[in-house]
>>> print(open('entry_32.pdb').read())   # PDB, C-alpha atoms
ATOM      1  CA  TRP A 971      12.757 -33.224 -52.763
ATOM      2  CA  ARG A 972      16.448 -33.034 -53.519
ATOM      3  CA  ALA A 973      16.150 -29.377 -54.512
ATOM      4  CA  LEU A 974      14.239 -28.592 -51.324
ATOM      5  CA  VAL A 975      16.789 -30.405 -49.161
ATOM      6  CA  ALA A 976      19.668 -28.682 -50.980
ATOM      7  CA  ALA A 977      18.029 -25.284 -50.466
ATOM      8  CA  LEU A 978      17.438 -26.034 -46.777
ATOM      9  CA  VAL A 979      21.054 -27.149 -46.294
ATOM     10  CA  SER A 980      22.267 -23.956 -48.036
ATOM     11  CA  VAL A 981      20.121 -21.758 -45.779
ATOM     12  CA  LEU A 982      21.320 -23.586 -42.658
ATOM     13  CA  ALA A 983      24.960 -23.333 -43.755
ATOM     14  CA  LEU A 984      24.608 -19.620 -44.450
ATOM     15  CA  SER A 985      22.915 -19.104 -41.063
ATOM     16  CA  ALA A 986      25.729 -20.969 -39.335
ATOM     17  CA  LEU A 987      28.355 -18.832 -41.093
ATOM     18  CA  VAL A 988      26.575 -15.622 -40.083
ATOM     19  CA  ALA A 989      26.301 -16.826 -36.471
ATOM     20  CA  LEU A 990      29.973 -17.840 -36.430
ATOM     21  CA  HIS A 991      30.982 -14.432 -37.808
ATOM     22  CA  ALA A 992      28.869 -12.689 -35.170
ATOM     23  CA  LEU A 993      30.474 -14.690 -32.371
ATOM     24  CA  ALA A 994      34.022 -14.143 -33.656
ATOM     25  CA  SER A 995      33.650 -10.464 -34.523
ATOM     26  CA  PRO A 996      34.880  -7.864 -32.007
ATOM     27  CA  THR A 997      32.301  -5.452 -33.444
ATOM     28  CA  VAL A 998      29.623  -7.413 -31.650
ATOM     29  CA  GLN A 999      31.445  -7.333 -28.337
ATOM     30  CA  ASN A1000      32.773  -3.783 -27.977
ATOM     31  CA  PRO A1001      30.636  -1.113 -29.662
ATOM     32  CA  VAL A1002      30.699   2.436 -28.307
ATOM     33  CA  ALA A1003      27.158   3.533 -27.407
ATOM     34  CA  VAL A1004      25.863   6.671 -29.124
ATOM     35  CA  GLU A1005      22.020   6.742 -29.109
ATOM     36  CA  ALA A1006      21.507   9.446 -31.770
ATOM     37  CA  ASN A1007      17.974   9.901 -33.180
ATOM     38  CA  LEU A1008      17.859  10.868 -36.861
ATOM     39  CA  ASP A1009      14.481  12.487 -37.664
ATOM     40  CA  ASN A1010      12.612   9.762 -35.734
ATOM     41  CA  GLN A1011      13.372   7.488 -38.708
ATOM     42  CA  VAL A1012      16.433   5.678 -37.458
ATOM     43  CA  LYS A1013      18.649   5.683 -34.394
ATOM     44  CA  LEU A1014      22.395   5.272 -34.385
ATOM     45  CA  LEU A1015      22.907   2.931 -31.437
ATOM     46  CA  GLY A1016      26.679   2.940 -31.578
ATOM     47  CA  TYR A1017      29.812   2.247 -33.549
ATOM     48  CA  TYR A1018      32.970   0.176 -33.469
ATOM     49  CA  LEU A1019      36.305   1.545 -34.671
ATOM     50  CA  ASP A1020      38.919  -1.040 -35.649
ATOM     51  CA  LYS A1021      41.782   0.721 -33.826
ATOM     52  CA  PRO A1022      42.470   3.969 -31.920
ATOM     53  CA  ASP A1023      45.174   5.538 -34.089
ATOM     54  CA  TYR A1024      46.283   5.517 -37.702
ATOM     55  CA  ARG A1025      48.984   6.644 -40.099
ATOM     56  CA  PRO A1026      48.671   8.362 -43.485
ATOM     57  CA  GLY A1027      47.668   5.765 -46.098
ATOM     58  CA  ASP A1028      45.904   3.518 -43.543
ATOM     59  CA  THR A1029      42.279   2.542 -43.873
ATOM     60  CA  ILE A1030      39.810   3.322 -41.101
ATOM     61  CA  SER A1031      37.203   0.614 -40.655
ATOM     62  CA  VAL A1032      34.140   1.703 -38.681
ATOM     63  CA  THR A1033      30.997  -0.328 -38.106
ATOM     64  CA  LEU A1034      27.777   1.587 -37.464
ATOM     65  CA  TYR A1035      24.828   0.007 -35.650
ATOM     66  CA  TRP A1036      21.507   1.427 -36.866
ATOM     67  CA  LEU A1037      18.065   0.763 -35.350
ATOM     68  CA  ALA A1038      15.058   1.305 -37.607
ATOM     69  CA  LEU A1039      12.469   3.270 -35.622
ATOM     70  CA  GLN A1040       9.757   3.027 -38.279
ATOM     71  CA  GLU A1041       9.204   1.875 -41.839
ATOM     72  CA  MET A1042      10.912   4.242 -44.247
ATOM     73  CA  ASP A1043       9.463   5.125 -47.632
ATOM     74  CA  LYS A1044      12.749   6.573 -48.909
ATOM     75  CA  ASP A1045      16.216   5.112 -49.321
ATOM     76  CA  TYR A1046      18.761   7.113 -47.377
ATOM     77  CA  LYS A1047      22.484   7.054 -48.051
ATOM     78  CA  VAL A1048      24.915   6.832 -45.149
ATOM     79  CA  PHE A1049      27.957   9.064 -44.966
ATOM     80  CA  VAL A1050      31.022   8.731 -42.799
ATOM     81  CA  HIS A1051      33.287  11.769 -42.950
ATOM     82  CA  LEU A1052      36.818  12.300 -41.716
ATOM     83  CA  THR A1053      37.378  16.028 -41.237
ATOM     84  CA  ASP A1054      40.069  18.234 -39.803
ATOM     85  CA  GLU A1055      39.811  19.038 -36.101
ATOM     86  CA  GLY A1056      37.849  22.255 -36.758
ATOM     87  CA  LYS A1057      35.421  20.386 -39.049
ATOM     88  CA  THR A1058      36.175  22.858 -41.838
ATOM     89  CA  ARG A1059      37.811  20.509 -44.352
ATOM     90  CA  LEU A1060      36.687  17.080 -45.542
ATOM     91  CA  VAL A1061      39.748  14.816 -45.644
ATOM     92  CA  ALA A1062      38.184  11.470 -46.631
ATOM     93  CA  GLN A1063      34.737   9.918 -46.791
ATOM     94  CA  SER A1064      32.469   6.974 -47.452
ATOM     95  CA  ASP A1065      29.051   7.755 -48.934
ATOM     96  CA  ARG A1066      26.784   4.864 -49.948
ATOM     97  CA  TRP A1067      23.591   3.029 -49.210
ATOM     98  CA  PRO A1068      23.847   0.845 -46.085
ATOM     99  CA  VAL A1069      25.640  -2.491 -45.921
ATOM    100  CA  TYR A1070      27.772  -2.041 -49.044
ATOM    101  CA  ASN A1071      24.695  -0.893 -51.044
ATOM    102  CA  PHE A1072      22.835  -4.154 -50.309
ATOM    103  CA  SER A1073      20.382  -3.019 -47.615
ATOM    104  CA  PRO A1074      18.276  -0.031 -48.685
ATOM    105  CA  THR A1075      16.492   1.665 -45.795
ATOM    106  CA  THR A1076      13.106   1.007 -47.435
ATOM    107  CA  ARG A1077      13.632  -2.679 -46.587
ATOM    108  CA  TRP A1078      14.343  -2.063 -42.909
ATOM    109  CA  GLN A1079      11.653  -3.160 -40.468
ATOM    110  CA  PRO A1080      10.874  -1.249 -37.254
ATOM    111  CA  GLY A1081      13.055  -2.662 -34.486
ATOM    112  CA  GLU A1082      15.613  -4.122 -36.908
ATOM    113  CA  ILE A1083      19.278  -3.526 -36.082
ATOM    114  CA  VAL A1084      21.547  -3.129 -39.112
ATOM    115  CA  TRP A1085      25.347  -3.463 -39.021
ATOM    116  CA  ASP A1086      26.898  -1.122 -41.553
ATOM    117  CA  ARG A1087      30.681  -1.235 -42.039
ATOM    118  CA  HIS A1088      32.532   1.564 -43.835
ATOM    119  CA  GLU A1089      36.161   1.813 -44.887
ATOM    120  CA  ILE A1090      37.808   5.200 -45.329
ATOM    121  CA  GLU A1091      41.289   5.507 -46.784
ATOM    122  CA  ILE A1092      43.355   8.203 -45.137
ATOM    123  CA  PRO A1093      45.206  10.176 -47.832
ATOM    124  CA  ALA A1094      48.930   9.394 -47.898
ATOM    125  CA  ASP A1095      49.760  13.105 -47.650
ATOM    126  CA  SER A1096      47.684  13.694 -44.496
ATOM    127  CA  VAL A1097      49.316  15.857 -41.853
ATOM    128  CA  PRO A1098      49.682  14.154 -38.463
ATOM    129  CA  GLY A1099      47.162  15.352 -35.912
ATOM    130  CA  THR A1100      43.667  14.975 -34.540
ATOM    131  CA  TYR A1101      40.755  14.485 -36.933
ATOM    132  CA  ASN A1102      37.011  14.047 -36.419
ATOM    133  CA  LEU A1103      34.942  11.105 -37.579
ATOM    134  CA  SER A1104      31.219  11.785 -38.097
ATOM    135  CA  THR A1105      28.229  10.091 -39.699
ATOM    136  CA  GLY A1106      24.642  10.601 -40.721
ATOM    137  CA  MET A1107      22.127   9.878 -43.452
ATOM    138  CA  TYR A1108      20.815  11.891 -46.370
ATOM    139  CA  LEU A1109      18.352  11.661 -49.234
ATOM    140  CA  LEU A1110      20.290  11.658 -52.513
ATOM    141  CA  GLU A1111      17.532  13.363 -54.540
ATOM    142  CA  THR A1112      17.531  16.456 -52.302
ATOM    143  CA  MET A1113      20.956  16.127 -50.622
ATOM    144  CA  ARG A1114      19.098  16.870 -47.353
ATOM    145  CA  ASN A1115      20.528  15.223 -44.238
ATOM    146  CA  LEU A1116      18.282  13.666 -41.647
ATOM    147  CA  GLU A1117      18.382  15.954 -38.628
ATOM    148  CA  VAL A1118      19.823  14.735 -35.341
ATOM    149  CA  LEU A1119      17.199  15.231 -32.632
ATOM    150  CA  GLY A1120      17.872  15.727 -28.941
ATOM    151  CA  ARG A1121      15.843  14.084 -26.178
ATOM    152  CA  ASP A1122      13.571  17.149 -26.154
ATOM    153  CA  GLY A1123      12.968  16.812 -29.917
ATOM    154  CA  GLY A1124      15.072  19.866 -30.745
ATOM    155  CA  VAL A1125      17.434  19.757 -33.704
ATOM    156  CA  GLN A1126      21.067  19.312 -32.671
ATOM    157  CA  GLY A1127      22.590  19.211 -36.146
ATOM    158  CA  VAL A1128      22.750  17.155 -39.315
ATOM    159  CA  SER A1129      25.533  14.735 -38.406
ATOM    160  CA  VAL A1130      26.732  12.738 -35.422
ATOM    161  CA  THR A1131      30.316  13.148 -34.256
ATOM    162  CA  LEU A1132      31.546   9.659 -33.406
ATOM    163  CA  THR A1133      35.046  10.264 -32.119
ATOM    164  CA  SER A1134      38.394  11.920 -32.620
ATOM    165  CA  VAL A1135      40.968   9.986 -34.614
ATOM    166  CA  GLU A1136      44.706  10.416 -34.167
ATOM    167  CA  ILE A1137      46.800  10.255 -37.293
ATOM    168  CA  ALA A1138      50.489   9.816 -36.457
ATOM    169  CA  SER A1139      53.431  10.480 -38.726
ATOM    170  CA  ARG A1140      54.690   7.679 -40.929
TER     171      ARG A1140
END
>>> encode(input="entry_32.pdb", output="C-alpha cells")
Amino acid sequence: WRALVAALVSVLALSALVALHALASPTVQNPVAVEANLDNQVKLLGYYLDKPDYRPGDTISVTLYWLALQEMDKDYKVFVHLTDEGKTRLVAQSDRWPVYNFSPTTRWQPGEIVWDRHEIEIPADSVPGTYNLSTGMYLLETMRNLEVLGRDGGVQGVSVTLTSVEIASR
C-alpha cells in the first residue's frame, strides 16, 4: 500500500505543479491566433513570443500551440526558422521533435493540444533590422514539409510565417 500511496502522491504533486505552471505562464494567457492547417494532420492554433524586439546574441523563445487533427503514423520534426526579411537567408533555427524531443507526433491523440517551446539564439554578428519567424513540420526520412492548406484545401506553402521580429543594435 505504501508504494501505491507514494505513487499517487507523486502523480498528484506533478499534476499540481503542471496546473500551477499553466496558471502562472503568460503563454497560456496571450497566444497569437494563427489557425494554419498542415496536411490535415495537425493545426497550428497559435504562438506566443516572449518579447517584441531583440538584440544580437539574445535568445528568442517562442511557444507553438499544435492541435492534432488525427492520429499520425509518422513522427514529424518541428522547425522554427529566423530568416532575413526577404526569406532568402536562414539566420538561426530550431529543428527537433516536439516538446524538447519528448512528445513524438505518433503519440498525439486527435483533439490533443500540445505546447511546444523553442529557443533560437540570434547570432551575435546579426545586422539590425527586420527578420521573419516561421514554422512548420517535416518528415526527417524524406525532408518533405507538411503542406500548409488554405480553407479551400489548396496548398499555400510549406511553412507558416508567424511574425516579423525586430533586431536592434547592441
>>> residues_around(input="entry_32.pdb", residues="range 1073-1079 of chain A", least_positions_apart="6", cutoff="6 Å", atoms="all atoms listed in the file", output="ChimeraX atom specification")
/A:1041-1045
>>> closest_residue(input="entry_32.pdb", among="A:Glu1005, A:Tyr1070, A:Tyr1046, A:Pro1026", to="Leu1116 in chain A", atoms="only C-alpha atoms")
A:Tyr1046
>>> closest_residue(input="entry_32.pdb", among="A:Val1135, A:Val1004, A:Val1069, A:Val1084", to="Ala1038 in chain A", atoms="only C-alpha atoms")
A:Val1084
>>> closest_residue(input="entry_32.pdb", among="A:Tyr1024, A:Glu1091, A:Lys1047, A:Lys1013", to="Arg1114 in chain A", atoms="only C-alpha atoms")
A:Lys1047
>>> residues_around(input="entry_32.pdb", residues="Ile1030 in chain A", least_positions_apart="2", cutoff="8 Å", atoms="all atoms listed in the file", output="list of chain:residue names")
A:Leu1019, A:Asp1020, A:Lys1021, A:Tyr1024, A:Asp1028, A:Val1032, A:His1088, A:Glu1089, A:Ile1090, A:Glu1091, A:Ile1092
